[in-house]
Amino acid sequence: MKKDISYKTIARLLNTGENRLSKIGSYTGLGVGMLLLFCCAQMFINLQQLIKDKNLRKNGFDYISISKNITNQNMGGDNRFNKADIEALKKQPFITAVAPLISNQFRAKASAGNILPFSTDLFLESIDDEFIDTLPPGFKWQPGQVDVPIIFSSDYLEIYNVFAPAQELPQLSQATIQSVNITLECFSPLGIQSFRGHIVGLSDRINSILVPKSFLTWANLHYGNSENPEASRLYLKTNDANNADLLNYLQQKDYRVNKDKTKFGRVKQVLQAVLSGMAVFSVLVILLAMLLFSFYLQLMIARSKDNLQLLVTLGYSPQWLGKTVSQKWVPVYAIIILIALAITQIFHLIFRQGIFNGVELLPLYIHWMVAALAVVLFLICIYTNERMVNKLIRKL
């Protein structure tokens with residue numbers, strides 16, 4: 001078998017001049033399809049990174065509260081969570097743990113003496129310790145203890161500091177509020193019992209006034225005659241608060257969830273659907289471009305049939321001819337993919353700087369997975385092109 005000629009010599013024997021339109025069309029379609037696919041892949045990765053950075057996580061988990069939707073039709077009924085509701089939630093694969101937020105079943109009143117000269121009825125709640133973001137060592141209580149530790153919501157402190165000047169009350173810092181002594185009065189049919197309350201921490205996660213679970217369980221039994229009250233709110237521990245399956249499940253159950261915690265997940269669902277549609281479209285464009293290029297090859301080889309048959313007669317094997325001819329398009333595919341990657345990088349920089357204007361949110365360069373996708377597509381194109389040429393030449 002002779003191999004002493006190059007593609008340049010073979011190219012003189014190939015009739016390619018009349019097929020430029022289909023060749024240019026296939027190159028353009030291939031480039032557009034790859035650009036769309038790379039952009040979709042990079043946008044999907046950017047979206048995942050932004051969602052991940054936006055959510056405050058503890059030990060790799062998200063914590064969200066849910067309650068039952070109150071409507072005009074059900075507002076007169078019992079809208080608390082029963083044991084069956086909790087067990088159903090625990091069985092879901094996207095939920096790691098569930099904890100009820102138990103409230104007081106008796107009247108409670110708080111006053112702060114001369115420092116804060118006002119008193120108010122208030123609600124108390126308790127939850128499992130692992131769901132509390134700020135858990136001081138002193139957050140414990142046992143029967144007979146007069147002091148009751150309290151974890152106060154950071155949002156409630158902010159609200160107080162907003163209206164305090166209008167009521168001629170002093171504004172309080174986080175450190176100061178923990179030094180305020182609170183008189184906590186618990187009412188029962190038999191009378192009133194007072195406790196000394198003190199704030200031991202502030203919670204950014206739970207908007208409530210939390211007391212130890214041991215205290216509220218004891219107080220509900222002694223003052224409210226309720227040993228195991230059902231909860232109106234639950235806290236869910238999950239790997240991803242923006243998980244589409246989780247959000248769909250809560251929507252099907254008509255549970256109300258903190259939309260600020262999961263709004264990025266809903267946006268993520270919409271964007272992922274759009275990106276998936278664009279990715280499918282880009283794959284179709286690539287396939288159509290490859291199909292158009294196959295027509296170009298068929299026309300080129302059909303018009304060069306006599307010359308190629310002459311080369312085979314002279315001793316050049318069809319396999320060698322196919323490999324030699326197909327190698328001509330290796331640089332073309334490489335150039336198309338590199339141009340698509342370069343434009344994707346430009347779009348990524350525009351998205352990163354123009355929309356979010358945050359260097360810390362997204363990396364400077366496109367993700368390595370997009371580059372890996374480009375390499376895979378390049379190898380697929382080379383392999384497909386070589387098989388196509390070999391098949392056409394063998395038919396001569």
# chains A, B, ... in the order shown; residues from 1 in each chain; ligands from 1

$ residues_around --residues "A:Asn385" --least-positions-apart "2" --cutoff "12 Å" --atoms "only C-alpha atoms" --output "PDB file with N, CA and C atoms, in the first residue's frame"
ATOM      1  N   MET A 290     -24.495  18.468  11.538  1.00  0.00           N
ATOM      2  CA  MET A 290     -23.768  17.260  11.154  1.00  0.00           C
ATOM      3  C   MET A 290     -24.445  16.571   9.972  1.00  0.00           C
ATOM      4  N   LEU A 291     -25.791  16.593   9.962  1.00  0.00           N
ATOM      5  CA  LEU A 291     -26.518  15.992   8.846  1.00  0.00           C
ATOM      6  C   LEU A 291     -26.251  16.751   7.552  1.00  0.00           C
ATOM      7  N   PHE A 293     -23.610  18.496   6.915  1.00  0.00           N
ATOM      8  CA  PHE A 293     -22.230  18.232   6.538  1.00  0.00           C
ATOM      9  C   PHE A 293     -22.094  16.858   5.881  1.00  0.00           C
ATOM     10  N   SER A 294     -22.899  15.896   6.316  1.00  0.00           N
ATOM     11  CA  SER A 294     -22.860  14.569   5.688  1.00  0.00           C
ATOM     12  C   SER A 294     -23.329  14.650   4.239  1.00  0.00           C
ATOM     13  N   PHE A 295     -24.320  15.518   3.959  1.00  0.00           N
ATOM     14  CA  PHE A 295     -24.759  15.711   2.578  1.00  0.00           C
ATOM     15  C   PHE A 295     -23.625  16.303   1.738  1.00  0.00           C
ATOM     16  N   TYR A 296     -22.899  17.232   2.349  1.00  0.00           N
ATOM     17  CA  TYR A 296     -21.757  17.838   1.653  1.00  0.00           C
ATOM     18  C   TYR A 296     -20.717  16.774   1.319  1.00  0.00           C
ATOM     19  N   LEU A 297     -20.402  15.887   2.263  1.00  0.00           N
ATOM     20  CA  LEU A 297     -19.425  14.829   2.025  1.00  0.00           C
ATOM     21  C   LEU A 297     -19.907  13.862   0.947  1.00  0.00           C
ATOM     22  N   GLN A 298     -21.179  13.527   0.988  1.00  0.00           N
ATOM     23  CA  GLN A 298     -21.721  12.605  -0.009  1.00  0.00           C
ATOM     24  C   GLN A 298     -21.596  13.198  -1.408  1.00  0.00           C
ATOM     25  N   GLY A 322      -9.783   7.088   3.553  1.00  0.00           N
ATOM     26  CA  GLY A 322     -10.794   7.636   4.443  1.00  0.00           C
ATOM     27  C   GLY A 322     -10.172   8.409   5.591  1.00  0.00           C
ATOM     28  N   LYS A 323      -9.106   7.834   6.191  1.00  0.00           N
ATOM     29  CA  LYS A 323      -8.433   8.492   7.302  1.00  0.00           C
ATOM     30  C   LYS A 323      -7.763   9.786   6.857  1.00  0.00           C
ATOM     31  N   THR A 324      -7.135   9.750   5.692  1.00  0.00           N
ATOM     32  CA  THR A 324      -6.434  10.927   5.191  1.00  0.00           C
ATOM     33  C   THR A 324      -7.396  12.057   4.860  1.00  0.00           C
ATOM     34  N   VAL A 325      -8.506  11.703   4.222  1.00  0.00           N
ATOM     35  CA  VAL A 325      -9.501  12.715   3.855  1.00  0.00           C
ATOM     36  C   VAL A 325     -10.161  13.302   5.104  1.00  0.00           C
ATOM     37  N   SER A 326     -10.534  12.450   6.070  1.00  0.00           N
ATOM     38  CA  SER A 326     -11.242  12.921   7.269  1.00  0.00           C
ATOM     39  C   SER A 326     -10.365  13.812   8.142  1.00  0.00           C
ATOM     40  N   GLN A 327      -9.037  13.606   8.123  1.00  0.00           N
ATOM     41  CA  GLN A 327      -8.148  14.422   8.945  1.00  0.00           C
ATOM     42  C   GLN A 327      -8.136  15.877   8.516  1.00  0.00           C
ATOM     43  N   LYS A 328      -8.603  16.136   7.319  1.00  0.00           N
ATOM     44  CA  LYS A 328      -8.626  17.507   6.813  1.00  0.00           C
ATOM     45  C   LYS A 328      -9.537  18.390   7.661  1.00  0.00           C
ATOM     46  N   TRP A 329     -10.573  17.802   8.284  1.00  0.00           N
ATOM     47  CA  TRP A 329     -11.537  18.585   9.037  1.00  0.00           C
ATOM     48  C   TRP A 329     -11.229  18.672  10.532  1.00  0.00           C
ATOM     49  N   VAL A 330     -10.162  18.036  10.973  1.00  0.00           N
ATOM     50  CA  VAL A 330      -9.787  18.121  12.391  1.00  0.00           C
ATOM     51  C   VAL A 330      -9.509  19.570  12.805  1.00  0.00           C
ATOM     52  N   VAL A 332     -10.621  22.241  11.453  1.00  0.00           N
ATOM     53  CA  VAL A 332     -11.871  23.005  11.323  1.00  0.00           C
ATOM     54  C   VAL A 332     -12.723  22.844  12.574  1.00  0.00           C
ATOM     55  N   TYR A 333     -12.899  21.590  13.019  1.00  0.00           N
ATOM     56  CA  TYR A 333     -13.671  21.348  14.231  1.00  0.00           C
ATOM     57  C   TYR A 333     -13.020  22.014  15.438  1.00  0.00           C
ATOM     58  N   LEU A 377     -17.258  16.757  22.724  1.00  0.00           N
ATOM     59  CA  LEU A 377     -17.894  17.067  21.437  1.00  0.00           C
ATOM     60  C   LEU A 377     -16.885  17.027  20.298  1.00  0.00           C
ATOM     61  N   PHE A 378     -15.684  17.507  20.555  1.00  0.00           N
ATOM     62  CA  PHE A 378     -14.631  17.468  19.529  1.00  0.00           C
ATOM     63  C   PHE A 378     -14.326  16.024  19.127  1.00  0.00           C
ATOM     64  N   LEU A 379     -14.179  15.142  20.123  1.00  0.00           N
ATOM     65  CA  LEU A 379     -13.890  13.740  19.824  1.00  0.00           C
ATOM     66  C   LEU A 379     -15.058  13.075  19.097  1.00  0.00           C
ATOM     67  N   ILE A 380     -16.280  13.429  19.480  1.00  0.00           N
ATOM     68  CA  ILE A 380     -17.455  12.864  18.807  1.00  0.00           C
ATOM     69  C   ILE A 380     -17.495  13.303  17.343  1.00  0.00           C
ATOM     70  N   CYS A 381     -17.215  14.576  17.099  1.00  0.00           N
ATOM     71  CA  CYS A 381     -17.219  15.084  15.723  1.00  0.00           C
ATOM     72  C   CYS A 381     -16.163  14.384  14.872  1.00  0.00           C
ATOM     73  N   ILE A 382     -14.944  14.227  15.423  1.00  0.00           N
ATOM     74  CA  ILE A 382     -13.864  13.574  14.683  1.00  0.00           C
ATOM     75  C   ILE A 382     -14.230  12.121  14.378  1.00  0.00           C
ATOM     76  N   TYR A 383     -14.744  11.429  15.390  1.00  0.00           N
ATOM     77  CA  TYR A 383     -15.105  10.016  15.216  1.00  0.00           C
ATOM     78  C   TYR A 383     -16.227   9.863  14.191  1.00  0.00           C
ATOM     79  N   ARG A 387     -15.881   7.998  10.477  1.00  0.00           N
ATOM     80  CA  ARG A 387     -16.734   6.854  10.122  1.00  0.00           C
ATOM     81  C   ARG A 387     -17.557   7.157   8.874  1.00  0.00           C
ATOM     82  N   MET A 388     -18.030   8.381   8.781  1.00  0.00           N
ATOM     83  CA  MET A 388     -18.851   8.761   7.637  1.00  0.00           C
ATOM     84  C   MET A 388     -18.046   8.701   6.343  1.00  0.00           C
ATOM     85  N   VAL A 389     -16.818   9.239   6.372  1.00  0.00           N
ATOM     86  CA  VAL A 389     -15.966   9.245   5.174  1.00  0.00           C
ATOM     87  C   VAL A 389     -15.586   7.818   4.781  1.00  0.00           C
ATOM     88  N   ASN A 390     -15.190   7.007   5.771  1.00  0.00           N
ATOM     89  CA  ASN A 390     -14.825   5.614   5.482  1.00  0.00           C
ATOM     90  C   ASN A 390     -15.987   4.846   4.860  1.00  0.00           C
ATOM     91  N   LYS A 391     -17.173   5.081   5.388  1.00  0.00           N
ATOM     92  CA  LYS A 391     -18.344   4.385   4.869  1.00  0.00           C
ATOM     93  C   LYS A 391     -18.624   4.767   3.419  1.00  0.00           C
ATOM     94  N   LEU A 392     -18.482   6.055   3.116  1.00  0.00           N
ATOM     95  CA  LEU A 392     -18.748   6.538   1.759  1.00  0.00           C
ATOM     96  C   LEU A 392     -17.703   6.017   0.778  1.00  0.00           C
TER      97      LEU A 392
END

$ closest_atom_pairs --of "stretch 160-273 of chain A" --to "stretch 76-94 of chain A" --cutoff "10 Å" --atoms "only C-alpha atoms" --output "tab-separated table"
residue	atom	partner	partner_atom	distance
A:Pro229	CA	A:Asn82	CA	9.3
A:Glu230	CA	A:Asn82	CA	6.1
A:Ala231	CA	A:Arg80	CA	5.5
A:Ser232	CA	A:Arg80	CA	4.4
A:Arg233	CA	A:Phe81	CA	7.5
A:Leu234	CA	A:Phe81	CA	7.9
A:Leu236	CA	A:Leu89	CA	8.6
A:Lys237	CA	A:Phe94	CA	9.1
A:Thr238	CA	A:Phe94	CA	6.3
A:Asn239	CA	A:Phe94	CA	7.1
A:Asp240	CA	A:Phe94	CA	7.9
A:Ala241	CA	A:Phe94	CA	9.2
A:Asn243	CA	A:Phe94	CA	7.7
A:Ala244	CA	A:Phe94	CA	9.7
A:Asp245	CA	A:Phe94	CA	7.4
A:Leu246	CA	A:Phe94	CA	6.3
A:Tyr249	CA	A:Gln92	CA	9.1
A:Leu250	CA	A:Leu89	CA	9.5
A:Lys253	CA	A:Asp85	CA	9.8

$ write_last_selection --atoms "C-alpha atoms" --output "PDB file, in the first residue's frame"
ATOM      1  CA  PRO A 229     -50.053  19.770  72.098  1.00  0.00           C
ATOM      2  CA  GLU A 230     -50.039  19.731  68.330  1.00  0.00           C
ATOM      3  CA  ALA A 231     -47.898  22.285  66.548  1.00  0.00           C
ATOM      4  CA  SER A 232     -48.958  24.965  64.082  1.00  0.00           C
ATOM      5  CA  ARG A 233     -45.428  25.275  62.727  1.00  0.00           C
ATOM      6  CA  LEU A 234     -42.806  22.706  61.786  1.00  0.00           C
ATOM      7  CA  LEU A 236     -37.629  20.954  58.272  1.00  0.00           C
ATOM      8  CA  LYS A 237     -33.987  19.967  58.073  1.00  0.00           C
ATOM      9  CA  THR A 238     -32.975  19.328  54.477  1.00  0.00           C
ATOM     10  CA  ASN A 239     -29.875  19.121  52.332  1.00  0.00           C
ATOM     11  CA  ASP A 240     -31.225  21.768  49.971  1.00  0.00           C
ATOM     12  CA  ALA A 241     -34.089  24.144  50.725  1.00  0.00           C
ATOM     13  CA  ASN A 243     -34.746  21.223  45.978  1.00  0.00           C
ATOM     14  CA  ALA A 244     -37.408  21.067  43.266  1.00  0.00           C
ATOM     15  CA  ASP A 245     -38.899  17.841  44.671  1.00  0.00           C
ATOM     16  CA  LEU A 246     -39.207  19.422  48.119  1.00  0.00           C
ATOM     17  CA  TYR A 249     -44.191  18.307  47.587  1.00  0.00           C
ATOM     18  CA  LEU A 250     -44.918  21.273  49.862  1.00  0.00           C
ATOM     19  CA  LYS A 253     -49.687  19.521  50.372  1.00  0.00           C
TER      20      LYS A 253
END

$ select_by_dssp --residues "stretch 42-173 of chain A" --states "strand (DSSP E)" --output "PyMOL selection string"
chain A and resi 62-68+97-103+108-112+116-122+125-126+147-153

$ write_last_selection --atoms "N, CA and C atoms" --output "CSV table (one decimal), in the first residue's frame"
chain,number,residue,atom,x,y,z
A,62,ASP,N,-30.0,22.9,55.4
A,62,ASP,CA,-30.9,24.1,55.4
A,62,ASP,C,-32.0,23.8,56.4
A,63,TYR,N,-32.5,24.9,57.0
A,63,TYR,CA,-33.7,24.7,57.9
A,63,TYR,C,-34.8,25.7,57.5
A,64,ILE,N,-35.9,25.2,57.3
A,64,ILE,CA,-37.1,26.1,56.8
A,64,ILE,C,-38.3,25.7,57.7
A,65,SER,N,-39.1,26.7,57.9
A,65,SER,CA,-40.4,26.5,58.6
A,65,SER,C,-41.5,26.4,57.7
A,66,ILE,N,-42.5,25.6,58.0
A,66,ILE,CA,-43.7,25.4,57.2
A,66,ILE,C,-44.9,25.5,58.1
A,67,SER,N,-46.1,25.9,57.6
A,67,SER,CA,-47.3,25.9,58.3
A,67,SER,C,-48.4,25.6,57.3
A,68,LYS,N,-49.6,25.3,57.7
A,68,LYS,CA,-50.7,25.0,56.8
A,68,LYS,C,-51.3,26.4,56.4
A,97,ALA,N,-34.8,15.7,58.7
A,97,ALA,CA,-35.5,15.6,60.0
A,97,ALA,C,-36.6,16.7,60.1
A,98,VAL,N,-37.5,16.4,61.0
A,98,VAL,CA,-38.7,17.3,61.2
A,98,VAL,C,-38.8,17.6,62.7
A,99,ALA,N,-39.1,18.8,63.1
A,99,ALA,CA,-39.3,19.1,64.5
A,99,ALA,C,-40.5,20.1,64.6
A,100,PRO,N,-41.4,19.8,65.5
A,100,PRO,CA,-42.5,20.7,65.7
A,100,PRO,C,-42.1,21.9,66.6
A,101,LEU,N,-42.7,23.0,66.3
A,101,LEU,CA,-42.4,24.2,67.1
A,101,LEU,C,-43.6,24.3,68.1
A,102,ILE,N,-43.4,23.8,69.3
A,102,ILE,CA,-44.5,23.8,70.3
A,102,ILE,C,-44.7,25.1,71.0
A,103,SER,N,-45.9,25.5,71.1
A,103,SER,CA,-46.3,26.8,71.7
A,103,SER,C,-46.9,26.7,73.1
A,108,ALA,N,-49.2,33.8,79.1
A,108,ALA,CA,-47.9,34.2,79.7
A,108,ALA,C,-47.7,35.7,79.5
A,109,LYS,N,-47.1,36.3,80.5
A,109,LYS,CA,-47.0,37.8,80.5
A,109,LYS,C,-45.5,38.1,80.9
A,110,ALA,N,-44.9,39.1,80.3
A,110,ALA,CA,-43.6,39.5,80.6
A,110,ALA,C,-43.5,41.0,80.9
A,111,SER,N,-42.6,41.3,81.8
A,111,SER,CA,-42.3,42.7,82.1
A,111,SER,C,-40.9,42.8,82.4
A,112,ALA,N,-40.3,44.1,82.3
A,112,ALA,CA,-38.9,44.2,82.4
A,112,ALA,C,-38.5,45.3,83.5
A,116,LEU,N,-37.1,48.7,81.2
A,116,LEU,CA,-38.1,48.8,80.1
A,116,LEU,C,-39.5,48.8,80.8
A,117,PRO,N,-40.0,50.0,81.1
A,117,PRO,CA,-41.2,50.1,81.8
A,117,PRO,C,-42.5,49.8,81.0
A,118,PHE,N,-42.6,48.6,80.6
A,118,PHE,CA,-43.8,48.1,79.9
A,118,PHE,C,-44.0,46.6,80.1
A,119,SER,N,-45.2,46.1,80.0
A,119,SER,CA,-45.4,44.7,80.1
A,119,SER,C,-46.3,44.3,78.9
A,120,THR,N,-46.2,43.0,78.6
A,120,THR,CA,-47.0,42.5,77.4
A,120,THR,C,-47.3,41.0,77.6
A,121,ASP,N,-48.4,40.6,77.0
A,121,ASP,CA,-48.7,39.2,76.9
A,121,ASP,C,-47.8,38.7,75.7
A,122,LEU,N,-47.3,37.5,75.9
A,122,LEU,CA,-46.4,37.0,74.8
A,122,LEU,C,-46.6,35.5,74.6
A,125,GLU,N,-42.4,29.5,72.7
A,125,GLU,CA,-42.3,28.3,71.9
A,125,GLU,C,-41.0,27.6,72.2
A,126,SER,N,-41.0,26.3,71.8
A,126,SER,CA,-39.8,25.5,72.0
A,126,SER,C,-39.6,24.5,70.9
A,147,ASP,N,-35.1,30.4,87.4
A,147,ASP,CA,-34.6,31.1,86.2
A,147,ASP,C,-34.9,30.4,84.9
A,148,VAL,N,-35.4,31.1,83.9
A,148,VAL,CA,-35.8,30.5,82.7
A,148,VAL,C,-35.0,31.2,81.6
A,149,PRO,N,-34.1,30.5,80.9
A,149,PRO,CA,-33.3,31.1,79.8
A,149,PRO,C,-34.2,31.3,78.6
A,150,ILE,N,-33.9,32.3,77.8
A,150,ILE,CA,-34.8,32.7,76.7
A,150,ILE,C,-33.8,33.0,75.5
A,151,ILE,N,-34.2,32.5,74.3
A,151,ILE,CA,-33.5,32.8,73.1
A,151,ILE,C,-34.5,33.7,72.3
A,152,PHE,N,-34.1,35.0,72.0
A,152,PHE,CA,-34.9,36.0,71.4
A,152,PHE,C,-34.6,36.1,69.9
A,153,SER,N,-35.6,36.4,69.1
A,153,SER,CA,-35.4,36.5,67.7
A,153,SER,C,-34.7,37.8,67.4

$ residues_around --residues "stretch 365-372 of chain A" --least-positions-apart "4" --cutoff "10 Å" --atoms "only C-alpha atoms" --output "list in words"
Leu37, Phe38, Cys39, Cys40, Ala41, Gln42, Met43, Ile45, Asn46, Ile337, Leu338, Leu341, Ala342, Thr344, Gln345, Ile346, Phe347, His348, Leu349, Arg352, Val376, Leu377 and Phe378 of chain A

$ select_by_dssp --residues "stretch 167-228 of chain A" --states "alpha helix (DSSP H)" --output "PyMOL selection string"
chain A and resi 174-177+213-223

$ write_last_selection --atoms "C-alpha atoms" --output "PDB file, in the first residue's frame"
ATOM      1  CA  GLN A 174     -27.621  42.664  71.378  1.00  0.00           C
ATOM      2  CA  ALA A 175     -25.264  42.763  74.337  1.00  0.00           C
ATOM      3  CA  THR A 176     -27.520  45.031  76.403  1.00  0.00           C
ATOM      4  CA  ILE A 177     -30.700  43.032  75.928  1.00  0.00           C
ATOM      5  CA  LYS A 213     -38.298  22.324  75.693  1.00  0.00           C
ATOM      6  CA  SER A 214     -38.229  20.868  79.205  1.00  0.00           C
ATOM      7  CA  PHE A 215     -39.724  24.085  80.636  1.00  0.00           C
ATOM      8  CA  LEU A 216     -42.514  24.438  78.082  1.00  0.00           C
ATOM      9  CA  THR A 217     -43.474  20.761  78.320  1.00  0.00           C
ATOM     10  CA  TRP A 218     -43.690  21.082  82.104  1.00  0.00           C
ATOM     11  CA  ALA A 219     -45.543  24.432  81.971  1.00  0.00           C
ATOM     12  CA  ASN A 220     -48.083  23.226  79.393  1.00  0.00           C
ATOM     13  CA  LEU A 221     -48.905  20.269  81.608  1.00  0.00           C
ATOM     14  CA  HIS A 222     -49.181  22.270  84.855  1.00  0.00           C
ATOM     15  CA  TYR A 223     -50.735  25.515  83.609  1.00  0.00           C
TER      16      TYR A 223
END

$ atom_distance --atom1 "atom CA of A:Leu288" --atom2 "atom CA of A:Leu36"
14.1 Å
